[in-house]
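**Q** One structure is given below, represented as structure tokens, and several questions about it will come after.
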Amino acid sequence: RRNNKAMASLAMKLLDHDLHGDETNSGAMDEQDIFDCISTMLGQEEHYLCHDYLSGQVAAALHNKKGDAIDESCRSKMCEWIFHVIDSTRLQRETASVAMAFLDRFLCTNSQRASKASSDRKEYQLAAMTCLYIAVKINEPFEMDATLMSRLSRGLHSAEEITSLEYDIMIALQWKVNGPTPFQFVNYILELLPESAKSVAPTLYEHSHFQTELAIGDYAFVPHLRESTIAIASILNSLGVVEQDTFPFNECIQFVRSISNTFDLDIDSPMVNAVRERLLESFAKSSGYELSQGFVIIPKQVVPLNDKINAFEESPACVSKEMAISLEEYM
């Protein structure tokens, strides 16, 4: 199959980079550098916020009685397709987060192409593919060829269509393509763990990263929500499974409070608690495993994230690897 060959070609490019690239590290960052990075990211993220662009589409579709306008289901399916591409190659899973962020922000703009993508599902497919194409360029060690991306779509969209829309998306985003991600926030914050927690660090990274990935496919986390809030909620949930003999209670609380105080993050806010609750539900549904909350308990009364926080019956599932990927199955 052409899809299989395209996947193999992409995977071989990454393998070649691994074999011939520089395998040495630049060295661990010191604490002050990490503080500076987090502070800078917190200042940047307000410029990358999205509004609720789908609510207007639903209203317009009902008024015009058109069935081709996009909705939450369309977004979820394209997010799933992107993860299929990511998992079927050796791309970084964070690239999926970057691609979906581009797509959401693009649809929040006044661009004519964004408006068309909102009302035409085939155009929306093309926009999602193009955002992945851009994300690979920025987040991966090589540039993906537009012809290869076209082959991944099984010819539904040409290389020329992808490169043409790429320019329009970059203009609509005002070339702002380096916004912080929840994944990055998690990594920097967990770098500040005390030595006593190093033994549980791998578990904290794993659980926190998985929750940030679940958030990518859930539209409830898109409108007006900061990436740092998702990251903090994921870390707090992950800390709940830590045993006291591996990370003493007092030190855990001290770590959490120091992060909160240093970066002026209200970890007890109704917003953070609502995000934590939704992430815990998604985690349990996707993995079949509940994250017990031992250290940092969520209050019994949780204020919803927004009016849509409980509107979705299904949470995004963990996407398994597949070699054959067809866009026709996703829209």
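Naming works like this for the structure tokens: A, B, ... for the chains as they're shown, residue 1 at the start of each chain, ligands 1 onward in shown order.
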Excluding range 220-231 of chain A and residues on its chain fewer than 2 positions from it, collect all residues at most 9 Å away from it, counting only C-alpha atoms, and give them as a ChimeraX atom specification.
**A** /A:41-42,45-46,48-53,101,104,180-186,189,208-209,211-212,215-218,233-236,265,267,271-272,275-276,279,305-306,308-312
**Q** Taking a cut-off of 12 Å and counting only C-alpha atoms, can you build a table that, for each residue of range 61-118 of chain A near range 152-156 of chain A, reports the nearest atom pair and how far apart they are in Å (one decimal), sorted by chain then residue number, as CSV?
**A**
```
residue,atom,partner,partner_atom,distance
A:Met78,CA,A:Ser153,CA,11.8
A:Trp81,CA,A:Ser153,CA,10.1
A:Ile82,CA,A:Leu152,CA,10.6
A:His84,CA,A:Leu152,CA,10.7
A:Val85,CA,A:Leu152,CA,8.2
A:Ile86,CA,A:Leu152,CA,11.6
A:Ser88,CA,A:Leu152,CA,11.0
A:Thr89,CA,A:Leu152,CA,11.4
```
**Q** Please write the residues from the selection above to a file, keeping N, CA and C atoms, as a PDB file, in the first residue's frame.
**A**
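Result file out.pdb:
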```
ATOM      1  N   MET A  78     -10.031  13.970  13.597  1.00  0.00           N
ATOM      2  CA  MET A  78      -8.787  14.406  12.976  1.00  0.00           C
ATOM      3  C   MET A  78      -7.628  14.339  13.960  1.00  0.00           C
ATOM      4  N   TRP A  81      -6.581  10.827  13.873  1.00  0.00           N
ATOM      5  CA  TRP A  81      -5.805  10.540  12.661  1.00  0.00           C
ATOM      6  C   TRP A  81      -4.371  11.022  12.819  1.00  0.00           C
ATOM      7  N   ILE A  82      -4.219  12.211  13.385  1.00  0.00           N
ATOM      8  CA  ILE A  82      -2.868  12.753  13.597  1.00  0.00           C
ATOM      9  C   ILE A  82      -2.068  11.846  14.523  1.00  0.00           C
ATOM     10  N   HIS A  84      -2.492   8.689  14.863  1.00  0.00           N
ATOM     11  CA  HIS A  84      -2.171   7.489  14.079  1.00  0.00           C
ATOM     12  C   HIS A  84      -0.890   7.707  13.280  1.00  0.00           C
ATOM     13  N   VAL A  85      -0.786   8.873  12.650  1.00  0.00           N
ATOM     14  CA  VAL A  85       0.417   9.183  11.882  1.00  0.00           C
ATOM     15  C   VAL A  85       1.631   9.235  12.813  1.00  0.00           C
ATOM     16  N   ILE A  86       1.471   9.906  13.931  1.00  0.00           N
ATOM     17  CA  ILE A  86       2.566  10.031  14.899  1.00  0.00           C
ATOM     18  C   ILE A  86       3.030   8.657  15.377  1.00  0.00           C
ATOM     19  N   SER A  88       2.523   5.711  14.036  1.00  0.00           N
ATOM     20  CA  SER A  88       2.930   4.777  12.987  1.00  0.00           C
ATOM     21  C   SER A  88       4.307   5.103  12.424  1.00  0.00           C
ATOM     22  N   THR A  89       4.831   6.226  12.825  1.00  0.00           N
ATOM     23  CA  THR A  89       6.205   6.609  12.461  1.00  0.00           C
ATOM     24  C   THR A  89       6.983   6.715  13.762  1.00  0.00           C
TER      25      THR A  89
END
```
**Q** Skipping near chain neighbours, those fewer than 4 positions away, what residues fall within 8 Å of Leu280 in chain A using only C-alpha atoms, listed as a list of chain:residue names?
**A**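 Near neighbours after the sequence-gap exclusion: A:Asn237, A:Arg276, A:Ala284, A:Glu290, A:Leu291.
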**Q** Name the residues in contact with Leu91 in chain A at a cut-off of 10 Å, using only C-alpha atoms, excluding same-chain residues fewer than 2 positions from it; report them as a PyMOL selection string.
**A** chain A and resi 10-11+14+83+85-89+93-96+136+139-141
**Q** If we count only C-alpha atoms and set the cut-off at 10 Å, which residues sit around Ser196 in chain A, ignoring sequence neighbours fewer than 5 positions away in its own chain? Please answer as JSON, numbers by chain.
**A** {"A": [201, 245, 246, 247, 248, 251, 252]}
